[in-house]
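Enquirer: Just so it is clear, I am handing over work.pdb, which has PDB, C-alpha atoms.
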ATOM      1  CA  MET H   1      33.569  27.238 231.524  1.00  0.00           C
ATOM      2  CA  SER H   2      37.334  27.414 231.878  1.00  0.00           C
ATOM      3  CA  GLN H   3      37.585  23.722 230.996  1.00  0.00           C
ATOM      4  CA  VAL H   4      35.830  24.269 227.662  1.00  0.00           C
ATOM      5  CA  ILE H   5      38.197  27.113 226.738  1.00  0.00           C
ATOM      6  CA  LYS H   6      41.180  25.033 227.765  1.00  0.00           C
ATOM      7  CA  LEU H   7      40.114  22.049 225.588  1.00  0.00           C
ATOM      8  CA  SER H   8      39.510  24.164 222.455  1.00  0.00           C
ATOM      9  CA  HIS H   9      42.864  25.883 222.944  1.00  0.00           C
ATOM     10  CA  GLN H  10      44.641  22.468 223.126  1.00  0.00           C
ATOM     11  CA  GLN H  11      42.913  21.234 219.951  1.00  0.00           C
ATOM     12  CA  GLY H  12      44.171  24.291 218.040  1.00  0.00           C
ATOM     13  CA  ARG H  13      47.718  23.688 219.189  1.00  0.00           C
ATOM     14  CA  GLY H  14      47.606  20.091 217.903  1.00  0.00           C
ATOM     15  CA  TRP H  15      46.826  21.280 214.364  1.00  0.00           C
ATOM     16  CA  LEU H  16      49.553  23.887 214.509  1.00  0.00           C
ATOM     17  CA  GLU H  17      52.062  21.302 215.694  1.00  0.00           C
ATOM     18  CA  ALA H  18      51.037  18.918 212.894  1.00  0.00           C
ATOM     19  CA  LEU H  19      51.442  21.661 210.277  1.00  0.00           C
ATOM     20  CA  LEU H  20      54.822  22.560 211.704  1.00  0.00           C
ATOM     21  CA  VAL H  21      56.003  18.932 211.575  1.00  0.00           C
ATOM     22  CA  VAL H  22      54.775  18.511 207.977  1.00  0.00           C
ATOM     23  CA  SER H  23      56.505  21.707 206.872  1.00  0.00           C
ATOM     24  CA  ILE H  24      59.792  20.689 208.542  1.00  0.00           C
ATOM     25  CA  LEU H  25      59.622  17.248 206.905  1.00  0.00           C
ATOM     26  CA  SER H  26      58.941  18.879 203.527  1.00  0.00           C
ATOM     27  CA  VAL H  27      62.037  21.031 203.862  1.00  0.00           C
ATOM     28  CA  LEU H  28      64.134  18.012 204.846  1.00  0.00           C
ATOM     29  CA  VAL H  29      62.880  16.040 201.818  1.00  0.00           C
ATOM     30  CA  VAL H  30      63.696  18.929 199.484  1.00  0.00           C
ATOM     31  CA  ILE H  31      67.240  18.999 200.877  1.00  0.00           C
ATOM     32  CA  ALA H  32      67.778  15.212 201.114  1.00  0.00           C
ATOM     33  CA  ILE H  33      66.714  14.156 197.587  1.00  0.00           C
ATOM     34  CA  PRO H  34      69.382  16.205 195.769  1.00  0.00           C
ATOM     35  CA  LYS H  35      71.986  14.846 198.190  1.00  0.00           C
ATOM     36  CA  PHE H  36      70.958  11.302 197.259  1.00  0.00           C
ATOM     37  CA  TYR H  37      71.546  12.091 193.583  1.00  0.00           C
ATOM     38  CA  ASP H  38      74.960  13.490 194.458  1.00  0.00           C
ATOM     39  CA  TYR H  39      75.839  10.158 196.095  1.00  0.00           C
ATOM     40  CA  GLU H  40      74.844   8.292 192.944  1.00  0.00           C
ATOM     41  CA  ALA H  41      76.931  10.645 190.815  1.00  0.00           C
ATOM     42  CA  ASP H  42      79.875  10.178 193.177  1.00  0.00           C
ATOM     43  CA  ALA H  43      79.472   6.404 192.848  1.00  0.00           C
ATOM     44  CA  ASN H  44      79.658   6.677 189.033  1.00  0.00           C
ATOM     45  CA  VAL H  45      82.873   8.685 189.224  1.00  0.00           C
ATOM     46  CA  SER H  46      84.311   6.377 191.892  1.00  0.00           C
ATOM     47  CA  ALA H  47      83.714   3.350 189.658  1.00  0.00           C
ATOM     48  CA  LEU H  48      85.767   4.970 186.912  1.00  0.00           C
ATOM     49  CA  LYS H  49      88.522   5.972 189.331  1.00  0.00           C
ATOM     50  CA  GLY H  50      88.615   2.411 190.645  1.00  0.00           C
ATOM     51  CA  LEU H  51      88.934   1.055 187.117  1.00  0.00           C
ATOM     52  CA  LYS H  52      91.748   3.507 186.381  1.00  0.00           C
ATOM     53  CA  SER H  53      93.578   2.368 189.494  1.00  0.00           C
ATOM     54  CA  GLY H  54      93.160  -1.295 188.532  1.00  0.00           C
ATOM     55  CA  ILE H  55      94.424  -0.750 184.994  1.00  0.00           C
ATOM     56  CA  ASP H  56      97.355   1.393 186.184  1.00  0.00           C
ATOM     57  CA  SER H  57      98.327  -1.345 188.624  1.00  0.00           C
ATOM     58  CA  ALA H  58      98.108  -4.023 185.911  1.00  0.00           C
ATOM     59  CA  MET H  59     100.221  -1.848 183.595  1.00  0.00           C
ATOM     60  CA  THR H  60     102.920  -1.387 186.244  1.00  0.00           C
ATOM     61  CA  GLN H  61     103.008  -5.072 187.171  1.00  0.00           C
ATOM     62  CA  THR H  62     103.074  -6.215 183.538  1.00  0.00           C
ATOM     63  CA  HIS H  63     105.791  -3.753 182.551  1.00  0.00           C
ATOM     64  CA  ALA H  64     107.988  -4.760 185.513  1.00  0.00           C
ATOM     65  CA  LEU H  65     107.617  -8.412 184.519  1.00  0.00           C
ATOM     66  CA  ALA H  66     108.339  -7.602 180.854  1.00  0.00           C
ATOM     67  CA  GLU H  67     111.527  -5.783 181.842  1.00  0.00           C
ATOM     68  CA  LYS H  68     112.570  -8.719 184.000  1.00  0.00           C
ATOM     69  CA  LYS H  69     111.973 -11.092 181.044  1.00  0.00           C
ATOM     70  CA  ARG H  70     113.689  -8.583 178.701  1.00  0.00           C
ATOM     71  CA  VAL H  71     110.751  -8.235 176.335  1.00  0.00           C
ATOM     72  CA  SER H  72     109.795  -4.620 177.113  1.00  0.00           C
ATOM     73  CA  ASP H  73     111.355  -3.364 173.876  1.00  0.00           C
ATOM     74  CA  GLN H  74     109.443  -5.718 171.564  1.00  0.00           C
ATOM     75  CA  ALA H  75     106.379  -4.629 169.587  1.00  0.00           C
ATOM     76  CA  GLU H  76     104.426  -7.842 170.197  1.00  0.00           C
ATOM     77  CA  GLN H  77     105.098 -10.550 172.703  1.00  0.00           C
ATOM     78  CA  SER H  78     103.257 -13.085 174.809  1.00  0.00           C
ATOM     79  CA  LEU H  79     103.801 -12.898 178.571  1.00  0.00           C
ATOM     80  CA  THR H  80     102.422 -14.869 181.500  1.00  0.00           C
ATOM     81  CA  VAL H  81     101.088 -12.620 184.266  1.00  0.00           C
ATOM     82  CA  ASN H  82      99.548 -14.196 187.373  1.00  0.00           C
ATOM     83  CA  GLY H  83      99.223 -17.502 185.548  1.00  0.00           C
ATOM     84  CA  THR H  84      97.464 -15.982 182.542  1.00  0.00           C
ATOM     85  CA  SER H  85      99.093 -15.664 179.129  1.00  0.00           C
ATOM     86  CA  ILE H  86      98.464 -12.213 177.637  1.00  0.00           C
ATOM     87  CA  ARG H  87      99.629 -10.166 174.651  1.00  0.00           C
ATOM     88  CA  VAL H  88     101.925  -7.233 175.411  1.00  0.00           C
ATOM     89  CA  SER H  89     103.290  -4.408 173.286  1.00  0.00           C
ATOM     90  CA  TYR H  90     106.515  -2.766 174.397  1.00  0.00           C
ATOM     91  CA  GLY H  91     106.090  -4.347 177.818  1.00  0.00           C
ATOM     92  CA  TYR H  92     102.544  -3.103 178.463  1.00  0.00           C
ATOM     93  CA  PRO H  93      99.310  -5.102 178.144  1.00  0.00           C
ATOM     94  CA  GLU H  94      97.366  -4.803 174.916  1.00  0.00           C
ATOM     95  CA  ALA H  95      93.809  -3.532 175.415  1.00  0.00           C
ATOM     96  CA  SER H  96      92.398  -6.973 174.629  1.00  0.00           C
ATOM     97  CA  ALA H  97      94.370  -8.403 177.577  1.00  0.00           C
ATOM     98  CA  LEU H  98      93.039  -5.983 180.184  1.00  0.00           C
ATOM     99  CA  PRO H  99      89.899  -7.990 181.084  1.00  0.00           C
ATOM    100  CA  GLU H 100      92.198 -10.885 181.995  1.00  0.00           C
ATOM    101  CA  LEU H 101      94.149  -8.633 184.382  1.00  0.00           C
ATOM    102  CA  VAL H 102      91.427  -6.358 185.788  1.00  0.00           C
ATOM    103  CA  THR H 103      88.498  -8.272 187.251  1.00  0.00           C
ATOM    104  CA  ALA H 104      86.071  -5.324 187.019  1.00  0.00           C
ATOM    105  CA  LEU H 105      86.262  -5.407 183.214  1.00  0.00           C
ATOM    106  CA  LYS H 106      84.871  -8.930 183.112  1.00  0.00           C
ATOM    107  CA  ASP H 107      81.458  -7.500 184.059  1.00  0.00           C
ATOM    108  CA  THR H 108      80.183  -6.513 180.615  1.00  0.00           C
ATOM    109  CA  THR H 109      76.938  -5.201 182.094  1.00  0.00           C
ATOM    110  CA  ARG H 110      78.870  -2.295 183.654  1.00  0.00           C
ATOM    111  CA  TRP H 111      81.354  -1.453 180.873  1.00  0.00           C
ATOM    112  CA  GLN H 112      81.066  -0.943 177.149  1.00  0.00           C
ATOM    113  CA  LEU H 113      84.108  -0.875 174.849  1.00  0.00           C
ATOM    114  CA  ARG H 114      84.694   1.721 172.152  1.00  0.00           C
ATOM    115  CA  ARG H 115      87.748   0.831 170.053  1.00  0.00           C
ATOM    116  CA  TYR H 116      89.956   3.096 167.963  1.00  0.00           C
ATOM    117  CA  PRO H 117      92.479   0.667 166.398  1.00  0.00           C
ATOM    118  CA  GLU H 118      94.109   3.327 164.226  1.00  0.00           C
ATOM    119  CA  LYS H 119      94.901   5.380 167.336  1.00  0.00           C
ATOM    120  CA  ASN H 120      96.015   2.496 169.625  1.00  0.00           C
ATOM    121  CA  ARG H 121      93.219   3.539 171.951  1.00  0.00           C
ATOM    122  CA  VAL H 122      90.261   1.935 173.723  1.00  0.00           C
ATOM    123  CA  ASP H 123      87.565   3.679 175.749  1.00  0.00           C
ATOM    124  CA  PHE H 124      85.900   1.856 178.626  1.00  0.00           C
ATOM    125  CA  ILE H 125      82.490   3.503 178.923  1.00  0.00           C
ATOM    126  CA  TRP H 126      80.634   3.372 182.229  1.00  0.00           C
ATOM    127  CA  ARG H 127      77.102   2.048 181.796  1.00  0.00           C
ATOM    128  CA  LEU H 128      74.443   3.817 183.806  1.00  0.00           C
ATOM    129  CA  PRO H 129      71.525   1.584 184.849  1.00  0.00           C
ATOM    130  CA  ASP H 130      69.711   1.915 181.520  1.00  0.00           C
ATOM    131  CA  GLN H 131      72.255   3.140 178.971  1.00  0.00           C
ATOM    132  CA  PRO H 132      75.956   3.843 178.381  1.00  0.00           C
ATOM    133  CA  ALA H 133      77.215   7.205 179.606  1.00  0.00           C
ATOM    134  CA  THR H 134      79.132   8.070 176.450  1.00  0.00           C
ATOM    135  CA  ASP H 135      80.735  11.107 178.057  1.00  0.00           C
ATOM    136  CA  CYS H 136      81.889   9.215 181.143  1.00  0.00           C
ATOM    137  CA  TYR H 137      84.760   6.890 180.306  1.00  0.00           C
ATOM    138  CA  LEU H 138      88.336   5.817 180.800  1.00  0.00           C
ATOM    139  CA  THR H 139      90.700   5.858 177.834  1.00  0.00           C
ATOM    140  CA  TYR H 140      93.528   3.336 177.618  1.00  0.00           C
ATOM    141  CA  TYR H 141      96.318   4.268 175.222  1.00  0.00           C
ATOM    142  CA  GLU H 142      98.373   1.246 174.198  1.00  0.00           C
ATOM    143  CA  ALA H 143     102.150   1.526 174.206  1.00  0.00           C
ATOM    144  CA  THR H 144     103.987   2.354 171.003  1.00  0.00           C
ATOM    145  CA  ALA H 145     107.693   2.425 170.156  1.00  0.00           C
ATOM    146  CA  SER H 146     107.865   6.040 171.343  1.00  0.00           C
ATOM    147  CA  THR H 147     105.262   6.209 174.157  1.00  0.00           C
ATOM    148  CA  LYS H 148     104.370   4.273 177.278  1.00  0.00           C
ATOM    149  CA  ALA H 149     100.867   2.949 177.817  1.00  0.00           C
ATOM    150  CA  SER H 150      98.668   5.359 179.758  1.00  0.00           C
ATOM    151  CA  THR H 151      95.149   5.949 181.024  1.00  0.00           C
ATOM    152  CA  GLN H 152      93.023   9.083 181.074  1.00  0.00           C
ATOM    153  CA  LEU H 153      89.704   9.723 182.817  1.00  0.00           C
ATOM    154  CA  VAL H 154      87.051  11.688 180.940  1.00  0.00           C
ATOM    155  CA  ILE H 155      84.283  12.830 183.256  1.00  0.00           C
ATOM    156  CA  HIS H 156      81.798  15.433 182.048  1.00  0.00           C
ATOM    157  CA  GLN H 157      79.040  16.946 184.168  1.00  0.00           C
ATOM    158  CA  SER H 158      76.338  14.943 182.395  1.00  0.00           C
ATOM    159  CA  CYS H 159      78.126  11.762 183.480  1.00  0.00           C
ATOM    160  CA  GLN H 160      77.477  12.731 187.059  1.00  0.00           C
ATOM    161  CA  SER H 161      73.783  13.329 186.493  1.00  0.00           C
ATOM    162  CA  PRO H 162      71.717  10.249 187.320  1.00  0.00           C
ATOM    163  CA  THR H 163      68.652  11.653 185.537  1.00  0.00           C
ATOM    164  CA  ARG H 164      70.513  12.320 182.263  1.00  0.00           C
TER     165      ARG H 164
END
Taking this structure as input, can you express it in the form of structure tokens?
Expert:
Amino acid sequence: MSQVIKLSHQQGRGWLEALLVVSILSVLVVIAIPKFYDYEADANVSALKGLKSGIDSAMTQTHALAEKKRVSDQAEQSLTVNGTSIRVSYGYPEASALPELVTALKDTTRWQLRRYPEKNRVDFIWRLPDQPATDCYLTYYEATASTKASTQLVIHQSCQSPTR
């Protein structure tokens, strides 16, 4: 008689343990999925920061070379940087020359250009897997007679949302 009670008691515990394991796994899934999306959002922002760093480096290198060649005060000039002839304005690369200097820009599946010729400005828009993230971009301001070339990151919250 005591064996029968013992067996039924053990079968009940097995179901309770299974329910407990399922509920713990459910809680872990609810916590882990949003974290995964945060990693994807961080990757989007990191790609833009990496591009900014690459362009800033190319700007610095090009301007140093232009000063050495004494062409940093000229509105338009051709300059050879790392064996590649590019167009420079006031010692900084023109926007059209950036893909020759920054390897990441050669991948047109990841970046879309938005040009503003009247403002001496180009936006490099990060492309999410299925569409451009028009509010997630890097702006490159070309040099003018009174200003140096510069970059600016524009990262809105929707850029960081993988579900958009």
Enquirer: Record the distance separating CA of Lys52 (chain H) and CA of Leu138 (chain H), expressed in Å with one decimal.
Expert: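 Separation of CA of Lys52 (chain H) and CA of Leu138 (chain H): 6.9 Å.
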Enquirer: On this file, the PyMOL selection byres ((chain H and resi 92) around 9) gives some set of residues; write that set as a PyMOL selection string.
Expert: chain H and resi 58-63+66+72+87-91+93-94+142-143+148-149
Enquirer: Print the selection's residues with C-alpha atoms to a file, as a compact mmCIF listing (two decimals), keeping the file's coordinate frame.
Expert:
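What ended up in again-v9.txt:
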# COMPACT_ATOMS: atom_id res chain seq x y z
CA ALA H 58 98.11 -4.02 185.91
CA MET H 59 100.22 -1.85 183.60
CA THR H 60 102.92 -1.39 186.24
CA GLN H 61 103.01 -5.07 187.17
CA THR H 62 103.07 -6.22 183.54
CA HIS H 63 105.79 -3.75 182.55
CA ALA H 66 108.34 -7.60 180.85
CA SER H 72 109.80 -4.62 177.11
CA ARG H 87 99.63 -10.17 174.65
CA VAL H 88 101.92 -7.23 175.41
CA SER H 89 103.29 -4.41 173.29
CA TYR H 90 106.52 -2.77 174.40
CA GLY H 91 106.09 -4.35 177.82
CA PRO H 93 99.31 -5.10 178.14
CA GLU H 94 97.37 -4.80 174.92
CA GLU H 142 98.37 1.25 174.20
CA ALA H 143 102.15 1.53 174.21
CA LYS H 148 104.37 4.27 177.28
CA ALA H 149 100.87 2.95 177.82
Enquirer: Can you pull out every residue within 8 Å of Asp123 (chain H), counting all atoms listed in the file, but drop anything in the same chain fewer than 6 positions away, and send it as a ChimeraX atom specification?
Expert: /H:113-115,137-140
Enquirer: So which residues get picked by the PyMOL selection byres ((chain H and resi 48-50) around 9) here, written as a list in words?
Expert: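 With the PyMOL selection byres ((chain H and resi 48-50) around 9) on this model, the match is Ala43, Asn44, Val45, Ser46, Ala47, Leu51, Lys52, Ser53, Gly54, Ile55, Ala104, Phe124, Ile125, Trp126, Cys136, Tyr137, Leu138, Leu153 and Ile155 of chain H.
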Enquirer: To one decimal place, how far is CA of Lys69 (chain H) from CA of Thr144 (chain H) in Å?
Expert: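 Computing it gives 18.6 Å between the two atoms.
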Enquirer: Take CA of Asn120 (chain H) and CA of Ser96 (chain H) and report the distance between them in Å, one decimal.
Expert: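 Between these atoms lies a distance of 11.3 Å.
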Enquirer: Choose the residue, out of H:Val27, H:Ala145, H:Val154, H:Val102, that has the smallest atom-to-atom separation from Asp56 (chain H); count only C-alpha atoms.
Expert: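 Of H:Val27, H:Ala145, H:Val154, H:Val102, the one nearest Asp56 (chain H), counting only C-alpha atoms, is H:Val102.
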Enquirer: Which of these residues is nearest to Arg127 (chain H), using all atoms listed in the file: H:Ile24, H:Ala97, H:Leu105, H:Ala32?
Expert: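 So, comparing all the options, the nearest one is H:Leu105.
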